[in-house]
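Pasting start-v5.csv here (CSV, C-alpha atoms):
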chain,number,residue,atom,x,y,z
A,1,MET,CA,18.4,-3.3,17.7
A,2,ALA,CA,16.0,-1.0,19.5
A,3,ALA,CA,15.4,1.0,16.4
A,4,GLU,CA,14.5,-2.1,14.4
A,5,ALA,CA,12.2,-3.3,17.1
A,6,ALA,CA,10.4,0.0,17.0
A,7,HIS,CA,9.7,-0.3,13.2
A,8,VAL,CA,6.7,-2.7,13.1
A,9,PRO,CA,6.2,-4.5,9.7
A,10,VAL,CA,2.6,-4.2,8.4
A,11,MET,CA,0.1,-7.0,8.6
A,12,THR,CA,2.8,-9.5,9.6
A,13,GLU,CA,0.5,-12.3,10.9
A,14,ARG,CA,-1.7,-12.1,7.8
A,15,VAL,CA,1.4,-12.3,5.6
A,16,LEU,CA,2.6,-15.4,7.4
A,17,GLU,CA,-0.9,-17.0,7.1
A,18,LEU,CA,-1.1,-16.3,3.4
A,19,PHE,CA,2.4,-17.6,2.7
A,20,ALA,CA,1.9,-20.8,4.8
A,21,PRO,CA,0.4,-23.1,2.1
A,22,ALA,CA,3.4,-22.5,-0.1
A,23,LEU,CA,6.1,-22.7,2.6
A,24,GLU,CA,5.0,-24.8,5.6
A,25,GLY,CA,6.7,-28.0,6.4
A,26,ARG,CA,9.3,-28.2,3.6
A,27,PRO,CA,12.4,-26.6,2.3
A,28,ALA,CA,11.5,-23.4,0.4
A,29,VAL,CA,13.0,-20.2,-1.0
A,30,VAL,CA,11.4,-16.8,-0.6
A,31,VAL,CA,12.6,-13.5,-2.1
A,32,ASP,CA,11.9,-10.4,0.1
A,33,ALA,CA,12.1,-7.9,-2.7
A,34,THR,CA,12.0,-4.9,-0.3
A,35,THR,CA,13.9,-6.0,2.8
A,36,GLY,CA,14.1,-2.7,4.5
A,37,LEU,CA,14.9,-3.3,8.2
A,38,GLY,CA,14.1,-6.9,7.8
A,39,GLY,CA,10.9,-7.1,9.8
A,40,HIS,CA,9.0,-9.3,7.4
A,41,SER,CA,12.1,-11.4,6.6
A,42,GLU,CA,12.7,-12.1,10.3
A,43,ALA,CA,9.1,-13.1,10.8
A,44,LEU,CA,9.2,-15.5,7.7
A,45,LEU,CA,12.5,-17.1,8.8
A,46,THR,CA,11.1,-17.6,12.3
A,47,ALA,CA,7.8,-19.0,11.2
A,48,PHE,CA,9.2,-21.4,8.6
A,49,PRO,CA,12.3,-23.2,9.9
A,50,GLN,CA,13.2,-24.8,6.6
A,51,LEU,CA,13.0,-21.5,4.7
A,52,LYS,CA,15.9,-19.8,2.9
A,53,LEU,CA,15.4,-16.2,2.2
A,54,ILE,CA,17.0,-13.9,-0.4
A,55,GLY,CA,16.6,-10.2,0.7
A,56,LEU,CA,16.9,-7.4,-1.8
A,57,ASP,CA,17.1,-3.7,-1.1
A,58,ARG,CA,18.4,-0.7,-3.1
A,59,ASP,CA,19.3,1.1,0.2
A,60,PRO,CA,22.7,0.0,1.5
A,61,HIS,CA,22.1,1.5,4.9
A,62,ALA,CA,18.9,-0.6,5.3
A,63,LEU,CA,20.7,-3.7,4.2
A,64,GLU,CA,23.4,-3.2,6.7
A,65,ARG,CA,20.8,-2.9,9.5
A,66,ALA,CA,18.8,-5.8,8.2
A,67,GLY,CA,21.9,-7.9,8.1
A,68,ALA,CA,22.5,-7.4,11.8
A,69,ARG,CA,18.9,-8.2,12.5
A,70,LEU,CA,19.0,-11.4,10.5
A,71,ALA,CA,22.4,-12.6,11.6
A,72,PRO,CA,21.0,-15.2,14.0
A,73,PHE,CA,19.6,-17.1,11.0
A,74,GLY,CA,23.1,-17.6,9.5
A,75,ASP,CA,23.2,-18.7,5.9
A,76,ARG,CA,19.4,-19.1,5.7
A,77,ALA,CA,19.3,-15.3,4.9
A,78,GLN,CA,21.3,-13.9,2.0
A,79,LEU,CA,21.1,-10.2,1.4
A,80,VAL,CA,21.7,-8.5,-2.0
A,81,HIS,CA,22.1,-4.8,-2.8
A,82,ALA,CA,19.7,-4.5,-5.8
A,83,VAL,CA,16.6,-2.8,-7.0
A,84,TYR,CA,13.7,-5.3,-7.1
A,85,ASP,CA,13.2,-5.2,-10.9
A,86,THR,CA,16.6,-6.9,-11.3
A,87,LEU,CA,15.2,-10.0,-9.5
A,88,PRO,CA,15.7,-12.3,-12.5
A,89,ASP,CA,19.4,-11.3,-12.7
A,90,VAL,CA,19.8,-11.9,-8.9
A,91,LEU,CA,18.2,-15.3,-9.2
A,92,ASP,CA,20.3,-16.2,-12.2
A,93,ARG,CA,23.5,-15.3,-10.3
A,94,LEU,CA,22.4,-17.5,-7.4
A,95,GLY,CA,21.6,-20.4,-9.7
A,96,LEU,CA,17.9,-20.4,-9.0
A,97,SER,CA,15.3,-20.7,-11.7
A,98,ARG,CA,12.2,-20.7,-9.5
A,99,VAL,CA,11.2,-19.6,-6.0
A,100,ASP,CA,8.3,-20.5,-3.7
A,101,GLY,CA,7.4,-17.0,-2.6
A,102,VAL,CA,8.0,-13.3,-3.3
A,103,MET,CA,7.2,-10.5,-0.8
A,104,PHE,CA,6.9,-6.8,-1.7
A,105,ASP,CA,6.3,-4.1,1.0
A,106,LEU,CA,6.3,-1.0,-1.2
A,107,GLY,CA,6.9,2.6,-0.6
A,108,VAL,CA,9.3,4.5,1.7
A,109,SER,CA,10.5,2.7,4.7
A,110,SER,CA,10.3,3.9,8.3
A,111,MET,CA,14.1,4.1,8.5
A,112,GLN,CA,14.2,6.4,5.5
A,113,LEU,CA,11.4,8.6,6.9
A,114,ASP,CA,13.3,8.8,10.2
A,115,SER,CA,16.7,9.6,8.7
A,116,GLU,CA,16.7,13.4,8.6
A,117,GLU,CA,19.5,13.7,6.1
A,118,ARG,CA,17.6,11.7,3.5
A,119,GLY,CA,14.9,14.4,2.9
A,120,PHE,CA,11.8,12.1,2.7
A,121,ALA,CA,9.8,13.7,5.5
A,122,TYR,CA,8.3,17.1,5.1
A,123,ALA,CA,8.1,17.6,8.9
A,124,ARG,CA,11.9,18.1,9.1
A,125,ASP,CA,14.3,20.5,7.4
A,126,ALA,CA,16.8,18.4,5.4
A,127,PRO,CA,18.6,18.3,2.0
A,128,LEU,CA,16.2,17.6,-0.8
A,129,ASP,CA,17.6,14.2,-1.6
A,130,MET,CA,14.9,11.4,-1.5
A,131,ARG,CA,17.0,8.8,-3.1
A,132,MET,CA,16.3,5.3,-1.7
A,133,ASP,CA,19.8,4.4,-2.9
A,134,PRO,CA,21.8,7.5,-1.9
A,135,THR,CA,24.8,6.3,-3.9
A,136,THR,CA,23.3,6.9,-7.4
A,137,GLY,CA,20.9,9.0,-9.4
A,138,GLN,CA,19.2,12.4,-9.4
A,139,THR,CA,17.9,14.0,-6.2
A,140,ALA,CA,14.6,15.7,-5.5
A,141,ALA,CA,16.5,19.1,-5.8
A,142,ASP,CA,17.6,18.1,-9.3
A,143,VAL,CA,14.0,17.4,-10.3
A,144,LEU,CA,12.8,20.7,-8.8
A,145,ASN,CA,15.6,22.8,-10.3
A,146,THR,CA,15.9,21.3,-13.8
A,147,TYR,CA,12.6,19.9,-15.0
A,148,GLU,CA,10.4,21.8,-17.5
A,149,PRO,CA,7.3,23.3,-15.9
A,150,GLY,CA,5.0,21.0,-17.9
A,151,GLU,CA,6.8,17.9,-16.7
A,152,LEU,CA,6.6,19.1,-13.1
A,153,VAL,CA,2.9,19.6,-13.5
A,154,ARG,CA,2.5,16.1,-14.9
A,155,ILE,CA,4.5,14.5,-12.0
A,156,LEU,CA,2.5,16.3,-9.3
A,157,ARG,CA,-0.8,15.4,-10.9
A,158,GLU,CA,0.0,11.8,-11.8
A,159,TYR,CA,2.2,10.7,-8.9
A,160,GLY,CA,0.8,13.0,-6.2
A,161,GLU,CA,-2.8,13.4,-7.4
A,162,GLU,CA,-2.3,17.0,-6.6
A,163,ARG,CA,-5.3,19.2,-7.6
A,164,PHE,CA,-3.2,22.4,-7.4
A,165,ALA,CA,-0.3,21.3,-9.5
A,166,GLN,CA,-0.4,24.3,-11.8
A,167,ARG,CA,-0.3,26.8,-8.9
A,168,ILE,CA,2.4,24.9,-7.2
A,169,VAL,CA,4.6,24.6,-10.2
A,170,LYS,CA,4.2,28.3,-11.1
A,171,ALA,CA,5.5,29.2,-7.6
A,172,ILE,CA,8.3,26.6,-7.9
A,173,VAL,CA,9.5,28.1,-11.2
A,174,ALA,CA,9.5,31.6,-9.9
A,175,GLU,CA,11.3,30.6,-6.7
A,176,ARG,CA,14.0,28.5,-8.4
A,177,ALA,CA,14.8,31.4,-10.7
A,178,ARG,CA,15.6,33.5,-7.6
A,179,GLN,CA,17.6,30.7,-6.0
A,180,PRO,CA,17.8,26.9,-6.7
A,181,PHE,CA,16.1,24.6,-4.2
A,182,ASP,CA,18.4,22.6,-1.9
A,183,ARG,CA,16.5,22.0,1.4
A,184,SER,CA,13.0,20.8,2.3
A,185,GLU,CA,11.9,23.6,4.7
A,186,ARG,CA,11.9,26.2,1.9
A,187,LEU,CA,9.8,23.9,-0.3
A,188,VAL,CA,7.3,23.2,2.5
A,189,ARG,CA,6.8,26.9,3.1
A,190,LEU,CA,6.2,27.4,-0.7
A,191,LEU,CA,3.7,24.6,-0.7
A,192,TYR,CA,1.9,25.9,2.3
A,193,ASP,CA,1.5,29.3,0.6
A,194,ALA,CA,0.5,27.9,-2.8
A,195,VAL,CA,-2.3,25.6,-1.6
A,196,PRO,CA,-5.5,27.4,-0.8
A,197,ALA,CA,-6.4,27.8,2.9
A,198,ALA,CA,-9.6,25.8,2.5
A,199,SER,CA,-7.8,22.8,1.2
A,200,ARG,CA,-5.1,23.1,3.9
A,201,ARG,CA,-7.9,22.8,6.5
A,202,THR,CA,-9.5,19.6,5.0
A,203,GLY,CA,-6.9,18.0,2.7
A,204,GLY,CA,-4.1,17.0,5.0
A,205,HIS,CA,-0.6,18.6,5.1
A,206,PRO,CA,-0.2,20.6,1.8
A,207,ALA,CA,3.3,19.1,1.3
A,208,LYS,CA,2.3,15.5,1.5
A,209,ARG,CA,1.3,15.0,-2.1
A,210,THR,CA,4.2,16.9,-3.6
A,211,PHE,CA,6.7,15.0,-1.5
A,212,GLN,CA,5.2,11.7,-2.5
A,213,ALA,CA,5.3,12.7,-6.2
A,214,LEU,CA,8.9,13.8,-6.0
A,215,ARG,CA,9.9,10.6,-4.2
A,216,ILE,CA,8.2,8.4,-6.8
A,217,GLU,CA,9.9,10.4,-9.7
A,218,VAL,CA,13.4,10.4,-8.1
A,219,ASN,CA,13.3,6.6,-7.5
A,220,GLY,CA,11.4,5.6,-10.7
A,221,GLU,CA,9.1,3.7,-8.4
A,222,LEU,CA,6.2,3.0,-10.7
A,223,GLU,CA,8.4,2.1,-13.7
A,224,VAL,CA,10.4,-0.2,-11.6
A,225,LEU,CA,7.2,-1.8,-10.2
A,226,ARG,CA,5.8,-2.3,-13.7
A,227,ARG,CA,8.9,-4.4,-14.5
A,228,ALA,CA,9.2,-6.1,-11.1
A,229,ILE,CA,5.8,-7.6,-10.7
A,230,PRO,CA,5.8,-9.6,-14.0
A,231,ALA,CA,9.4,-10.6,-13.3
A,232,ALA,CA,8.4,-11.9,-9.8
A,233,LEU,CA,5.4,-13.8,-11.2
A,234,SER,CA,7.6,-15.5,-13.8
A,235,ALA,CA,10.0,-16.6,-11.1
A,236,LEU,CA,7.3,-18.3,-9.0
A,237,ALA,CA,7.2,-22.1,-9.0
A,238,VAL,CA,3.8,-23.8,-9.3
A,239,GLY,CA,2.2,-23.5,-5.9
A,240,GLY,CA,4.3,-20.5,-5.1
A,241,ARG,CA,2.7,-17.3,-3.8
A,242,ILE,CA,3.4,-13.6,-4.2
A,243,VAL,CA,2.4,-11.2,-1.5
A,244,VAL,CA,2.3,-7.4,-2.2
A,245,GLU,CA,1.6,-4.6,0.2
A,246,SER,CA,1.1,-1.2,-1.5
A,247,TYR,CA,0.3,2.1,0.0
A,248,HIS,CA,-1.3,4.2,-2.7
A,249,SER,CA,-3.7,3.7,-5.6
A,250,LEU,CA,-1.1,3.9,-8.3
A,251,GLU,CA,1.0,1.1,-6.9
A,252,ASP,CA,-2.1,-1.0,-6.2
A,253,ARG,CA,-3.5,-0.5,-9.7
A,254,ILE,CA,-0.2,-1.9,-11.2
A,255,VAL,CA,-0.3,-4.9,-9.0
A,256,LYS,CA,-4.0,-5.6,-9.6
A,257,GLN,CA,-3.7,-5.4,-13.4
A,258,ALA,CA,-0.6,-7.7,-13.5
A,259,PHE,CA,-2.4,-10.3,-11.3
A,260,ALA,CA,-5.6,-10.0,-13.3
A,261,GLU,CA,-3.8,-10.5,-16.7
A,262,LEU,CA,-2.5,-13.9,-15.6
A,263,ALA,CA,-5.6,-15.0,-13.6
A,264,LYS,CA,-7.9,-15.0,-16.7
A,265,SER,CA,-8.4,-17.6,-19.3
A,266,ARG,CA,-7.2,-16.9,-22.9
A,267,THR,CA,-9.7,-19.4,-24.4
A,268,PRO,CA,-12.0,-17.5,-26.7
A,269,PRO,CA,-15.5,-16.8,-25.2
A,270,GLY,CA,-18.1,-19.3,-26.2
A,271,LEU,CA,-16.0,-22.4,-26.5
A,272,PRO,CA,-17.3,-25.3,-24.3
A,273,VAL,CA,-13.8,-26.4,-23.1
A,274,GLU,CA,-10.6,-24.7,-22.1
A,275,LEU,CA,-8.1,-24.8,-24.9
A,276,PRO,CA,-4.8,-26.5,-23.9
A,277,GLY,CA,-2.2,-23.9,-22.8
A,278,HIS,CA,-4.9,-21.2,-22.6
A,279,GLY,CA,-5.9,-21.5,-18.9
A,280,PRO,CA,-5.1,-19.1,-16.1
A,281,GLU,CA,-1.6,-19.2,-14.7
A,282,LEU,CA,-2.6,-17.5,-11.4
A,283,LYS,CA,-5.2,-17.9,-8.8
A,284,LEU,CA,-6.2,-14.8,-6.8
A,285,ILE,CA,-6.0,-15.6,-3.1
A,286,THR,CA,-7.3,-12.4,-1.7
A,287,ARG,CA,-10.7,-11.0,-2.8
A,288,GLY,CA,-9.7,-7.6,-3.9
A,289,ALA,CA,-7.3,-5.7,-1.7
A,290,GLU,CA,-7.3,-6.5,2.0
A,291,LYS,CA,-6.8,-3.7,4.6
A,292,ALA,CA,-5.3,-3.7,8.0
A,293,SER,CA,-7.6,-4.0,11.1
A,294,GLU,CA,-8.6,-0.9,13.1
A,295,GLU,CA,-6.6,-2.4,16.0
A,296,GLU,CA,-3.4,-2.6,13.9
A,297,ILE,CA,-3.9,0.9,12.5
A,298,GLU,CA,-4.2,2.2,16.0
A,299,GLN,CA,-1.0,0.5,17.1
A,300,ASN,CA,0.9,1.1,13.8
A,301,PRO,CA,-0.4,4.2,11.8
A,302,ARG,CA,1.6,3.2,8.7
A,303,ALA,CA,-0.9,0.4,8.2
A,304,ALA,CA,-3.7,2.8,7.6
A,305,SER,CA,-3.2,3.0,3.8
A,306,VAL,CA,-1.9,-0.5,3.1
A,307,ARG,CA,-3.6,-2.6,0.4
A,308,LEU,CA,-2.6,-6.3,0.5
A,309,ARG,CA,-3.0,-8.6,-2.6
A,310,VAL,CA,-1.9,-12.2,-2.9
A,311,ALA,CA,-1.8,-14.6,-5.8
A,312,GLU,CA,-0.6,-18.2,-6.3
A,313,ARG,CA,0.9,-19.7,-9.5
A,314,ILE,CA,-1.3,-22.7,-10.5
A,315,LYS,CA,0.5,-23.6,-13.8
A,316,GLU,CA,3.8,-23.0,-15.5
A,317,ALA,CA,4.2,-19.9,-17.5
A,318,ASP,CA,3.4,-20.5,-21.2
A,319,ALA,CA,6.5,-20.5,-23.4
Please, can you express the file's structure as C-alpha cells?
Amino acid sequence: MAAEAAHVPVMTERVLELFAPALEGRPAVVVDATTGLGGHSEALLTAFPQLKLIGLDRDPHALERAGARLAPFGDRAQLVHAVYDTLPDVLDRLGLSRVDGVMFDLGVSSMQLDSEERGFAYARDAPLDMRMDPTTGQTAADVLNTYEPGELVRILREYGEERFAQRIVKAIVAERARQPFDRSERLVRLLYDAVPAASRRTGGHPAKRTFQALRIEVNGELEVLRRAIPAALSALAVGGRIVVESYHSLEDRIVKQAFAELAKSRTPPGLPVELPGHGPELKLITRGAEKASEEEIEQNPRAASVRLRVAERIKEADA
C-alpha cells in the first residue's frame, strides 16, 4: 500500500467538511464517480461510519488497487468497473433511485501518470496509448496517425488551448507520412521543435498542452462529463450534495454551467411570487470555484490547478 499512501487526494479535509451536512450521523450512500486509488473514498468511509460507498472507475487497474485499499471497510464499499456517465445504469442495477452524495475528482490520476506503459506523461518514453480504460477504444497513436489535419487542429486548440496548433499539426502530418507515430519520445521531440523558442522559455513544457488535448480526445472526457454531471444531479436526494474537483477551465466551465442551470428560478422576471414548480432545484454551496491553499500546493503539487465546486439539492427534480 506504499504507492497508494504516496498518492495524496486533493483538498480532502475540505471535501469532508462540505459533505458533512449531507452525511453526518446517519446512514447514507455516496457515489465516488472517479475512484482512482481510493483516497477520497477511504477518507469518506473513515469520517462517516454509517456511510456506504459505490466507487466507479473506468480503469480496471485502479479499481484493483482501490479494492485492496478499501478492503478493511468490507461491504460498506462496492466497486464497479464503469465510466461515470453510466451512473444511472449502475444505480438502477443496484436498486437505488437516489443517493446522498456524488464525488468527482476529474482528470488523469497519479497512478496513470506514473505508469510508464500508459503513455500519459510526456517526461517518459512510452507507447502512445493514453486510454484510461486500456481494454477498449482508440489510442493516442490512432488519433495522431488517422485524424484529418483540420480535426487535429481543432482538438489541440479546443482541448489543449494550444496557440501553435497549426504549426504542430503541419509537422505531425509530415512526420506521420514518413513513419506512423507509436511512442511518446518522438512526439515530444517534434513538439519541442514546432513550438517557438520564446514560448518554450515562458509557456511551460511544449508537450503539455498537446498531451492534454490527446488524452481528452482519446477518453472522450468532455463529452462524458457533459452527460455525467446532469445524471449525477438527477440522482441526488433532497439534501444530498455533489462535490466536483476539476483541473482545467474546460471541465470547470461544464460543471459551473450545469450547476447554474438548476440553481436559478424559472419564474418569469417581474412576477411577485415564485410560481409552483419553478423554483431552483440546487443551492450553490461554494462561492465560485475554491482553490487549494498554498500550503497544500507546496505539499501536493497536483493541487495547484484544482477548482472545487459544490452544490446541494434543495427540491426534487421537476417531472
Pick from A:Glu217, A:Ala165, A:Asn145, A:Ile242: nearest to Asp32 (chain A), with all atoms listed in the file counted?
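Closest to Asp32 (chain A) of all the choices is A:Ile242.
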Please measure the separation of CA of Arg309 (chain A) and CA of Glu251 (chain A), giving the value in Å to one decimal.
11.3 Å
Residue nearest Asp75 (chain A) among A:Gly55, A:Gly150, A:Pro60, A:Pro268 (counting all atoms listed in the file)
A:Gly55
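Reported to one decimal place, the separation of CA of Val83 (chain A) from CA of Leu222 (chain A) is 12.5 Å.
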Might you pull out every residue within 10 Å of Ala260 (chain A), with all atoms listed in the file counted and same-chain residues fewer than 6 positions away left off, and present them as a VMD selection string?
chain A and resid 254 280 282 to 284 311
Taking into account only C-alpha atoms, which residue in the set A:Arg65, A:Arg307, A:Arg313, A:Arg76 is nearest to Gly101 (chain A)?
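Looking only at the distances to Gly101 (chain A), the closest residue turns out to be A:Arg313.
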Kindly indicate which residue among A:Glu290, A:Glu13, A:Glu162, A:Asp133 lies nearest to Gln212 (chain A), using only C-alpha atoms for the distances.
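Using only C-alpha atoms, the shortest distance to Gln212 (chain A) belongs to A:Glu162.
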Which residue of A:Leu96, A:Val244, A:Ala258, A:Ala263 approaches Leu308 (chain A) most closely, using all atoms listed in the file
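Of all the options, A:Val244 lies closest to Leu308 (chain A).
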Distance criterion (all atoms listed in the file): nearest to Pro127 (chain A) out of A:Ser184, A:Gly107, A:Lys170, A:Val218
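Smallest distance to Pro127 (chain A) is found for A:Ser184.
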Leu250 (chain A) surroundings by only C-alpha atoms, 12 Å radius, close-in-sequence under 2 positions cut, as a list in words:
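Within the cut-off, the hits are Leu106, Gly107, Arg157, Glu158, Tyr159, Gly160, Glu161, Gln212, Ala213, Ile216, Glu221, Leu222, Glu223, Leu225, Arg226, Ser246, Tyr247, His248, Asp252, Arg253, Ile254, Val255, Lys256, Gln257 and Arg307 of chain A.
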Got a sec: who's within 10 Å of Pro21 (chain A), counting all atoms listed in the file, leaving out chain neighbours fewer than 5 positions off, as a PyMOL selection string?
chain A and resi 16+239-241+312
Just give me the gap between CA of Asp59 (chain A) and CA of Leu37 (chain A) in Å, one decimal is fine.
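Computed distance, CA of Asp59 (chain A) to CA of Leu37 (chain A), equals 10.1 Å.
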